[in-house]
Amino acid sequence: MTAPSWHYALLDEPGEDIRAIVQEIPGRWGRMPPLSRAVVVEAGRLLQQAGLLQKERRFNKAGTRVGLIGATRYGSLAVDTAFAATMQSQPQLASPALFGYTLANIPLAEAANHYGLVGPVFALYAEDEPLQRAVTEARRWLQNREVDFMLACEFDDLSRNGALALTVNFTIVNPL
C-alpha cells in the first residue's frame with residue numbers, strides 16, 4: 001500500500017475531490033494547519049466510504065450521537081514549534097492563527113464541529129499503537145450506550161524542515 005498524498009492539506013482552496021468529501025469547506029480552513037485539515041477530510045472520507053455521510057453531513061441534526069476519540073504520539077508539537085518560532089523575534093507578533101491550534105484535541109474538535117459529532121470528543125497520548133488505544137477507549141464509551149457509534153483515529157504531524165509528514169488513520173467503532 002502506498003502512503004497517502006496529503007497535498008490537499010496544503011491548499012487554501014481544496015479541489016473538487018476534497019469538496020465532494022467534506023461537502024462544504026469549513027469556515028476556518030484557511031487558518032487550519034495541515035493536520036487539522038487532514039483530520040476533517042479523512043473523517044469525512046471514512047464516513048462517506050461507509051455510506052454514513054448523507055446529504056445532511058451533521059449527525060446531530062439527524063439525531064445521531066457520534067463521538068470521536070483520537071490518539072497521538074506527539075500531540076500538537078509541530079504547531080507548538082511553529083508558534084514558538086513566531087515569538088522569537090517579536091513576542092507581541094506571535095501568530096494568533098497558530099495559537100488556536102496549540103492543543104492536541106483541536107484537529108478532532110474541527111472534525112467534530114464539521115460533522116456534528118456531539119458525543120465525547122477528546123485526544124489521548126499513546127506512545128505505542130495509538131489507533132488501538134483510541135479504539136479501546138471508544139469501546140469503553142460505547143458500553144455506556146450514550147452514543148450510537150464512535151470514530152477512532154490516530155493522528156500526528158511529523159513534518160520537519162518543510163517536508164509534510166502526516167499520519168491520520170480512522171476507523172468506525174460500533175456497539176457490540
# chains A, B, ... in the order shown; residues from 1 in each chain; ligands from 1
>>> select_by_dssp(residues="chain A", states="strand (DSSP E or B)", output="VMD selection string")
chain A and resid 66 to 72 121 to 125 149 to 157 160 163 166 to 173
>>> residues_around(residues="region 10-27 of chain A", least_positions_apart="3", cutoff="8 Å", atoms="only C-alpha atoms", output="ChimeraX atom specification")
/A:6-7,30,34,40-41,44-45,48,57,114
>>> closest_residue(among="A:Ala38, A:Ile106, A:Leu47, A:Met150", to="Ser5 (chain A)", atoms="only C-alpha atoms")
A:Ala38
>>> closest_residue(among="A:Thr72, A:Asn60, A:Gln88, A:Gln143", to="Leu166 (chain A)", atoms="only C-alpha atoms")
A:Thr72
>>> residues_around(residues="Thr167 (chain A)", least_positions_apart="3", cutoff="9 Å", atoms="only C-alpha atoms", output="compact mmCIF listing (two decimals) with all heavy atoms, in the first residue's frame")
# COMPACT_ATOMS: atom_id res chain seq x y z
N LEU A 35 -2.54 19.29 9.67
CA LEU A 35 -3.09 18.14 10.40
C LEU A 35 -4.59 18.31 10.64
O LEU A 35 -5.35 17.35 10.48
CB LEU A 35 -2.35 17.93 11.73
CG LEU A 35 -2.80 16.71 12.53
CD1 LEU A 35 -2.60 15.41 11.73
CD2 LEU A 35 -2.05 16.64 13.85
N ALA A 38 -6.38 17.59 7.44
CA ALA A 38 -6.37 16.16 7.12
C ALA A 38 -7.35 15.39 8.01
O ALA A 38 -8.02 14.46 7.53
CB ALA A 38 -4.96 15.59 7.27
N GLU A 154 -5.91 7.63 14.84
CA GLU A 154 -4.58 8.07 15.26
C GLU A 154 -4.25 9.25 14.37
O GLU A 154 -4.63 9.29 13.20
CB GLU A 154 -3.54 6.96 15.12
CG GLU A 154 -3.25 6.53 13.72
CD GLU A 154 -2.13 5.51 13.64
OE1 GLU A 154 -1.03 5.75 14.19
OE2 GLU A 154 -2.36 4.45 13.03
N PHE A 155 -3.57 10.24 14.94
CA PHE A 155 -3.24 11.42 14.16
C PHE A 155 -1.95 12.04 14.70
O PHE A 155 -1.76 12.13 15.90
CB PHE A 155 -4.39 12.43 14.20
CG PHE A 155 -4.66 13.03 15.56
CD1 PHE A 155 -4.31 14.34 15.84
CD2 PHE A 155 -5.24 12.28 16.56
CE1 PHE A 155 -4.56 14.89 17.08
CE2 PHE A 155 -5.49 12.82 17.82
CZ PHE A 155 -5.14 14.14 18.08
N ASP A 156 -1.08 12.38 13.77
CA ASP A 156 0.19 13.03 14.14
C ASP A 156 0.73 13.82 12.97
O ASP A 156 0.48 13.50 11.81
CB ASP A 156 1.24 11.99 14.56
CG ASP A 156 1.20 11.71 16.04
OD1 ASP A 156 1.30 12.67 16.83
OD2 ASP A 156 1.04 10.54 16.41
N ASP A 157 1.48 14.85 13.29
CA ASP A 157 2.20 15.64 12.31
C ASP A 157 3.67 15.51 12.63
O ASP A 157 4.14 15.99 13.65
CB ASP A 157 1.77 17.10 12.39
CG ASP A 157 2.42 17.97 11.33
OD1 ASP A 157 3.41 17.52 10.70
OD2 ASP A 157 1.94 19.10 11.12
N LEU A 158 4.39 14.82 11.76
CA LEU A 158 5.83 14.59 11.94
C LEU A 158 6.63 15.40 10.94
O LEU A 158 7.78 15.06 10.64
CB LEU A 158 6.14 13.10 11.79
CG LEU A 158 5.35 12.18 12.71
CD1 LEU A 158 5.60 10.73 12.38
CD2 LEU A 158 5.66 12.47 14.16
>>> residues_around(residues="Arg65 (chain A)", least_positions_apart="6", cutoff="12 Å", atoms="only C-alpha atoms", output="JSON, numbers by chain")
{"A": [58, 59, 112, 115, 116, 117, 118, 119, 120, 121, 141, 142, 145, 146, 147, 148, 149, 150, 151, 174]}
>>> atom_distance(atom1="CA of Pro107 (chain A)", atom2="CA of Pro33 (chain A)")
8.8 Å
>>> closest_residue(among="A:Ile69, A:Asn144, A:Ala165, A:Ser159", to="Pro130 (chain A)", atoms="only C-alpha atoms")
A:Ile69
>>> atom_distance(atom1="CA of Val168 (chain A)", atom2="CA of Phe122 (chain A)")
15.2 Å
>>> atom_distance(atom1="CA of Gly70 (chain A)", atom2="CA of Leu108 (chain A)")
7.0 Å
>>> closest_residue(among="A:Leu164, A:Leu124, A:Ala9, A:Ala50", to="Ala152 (chain A)", atoms="only C-alpha atoms")
A:Leu124
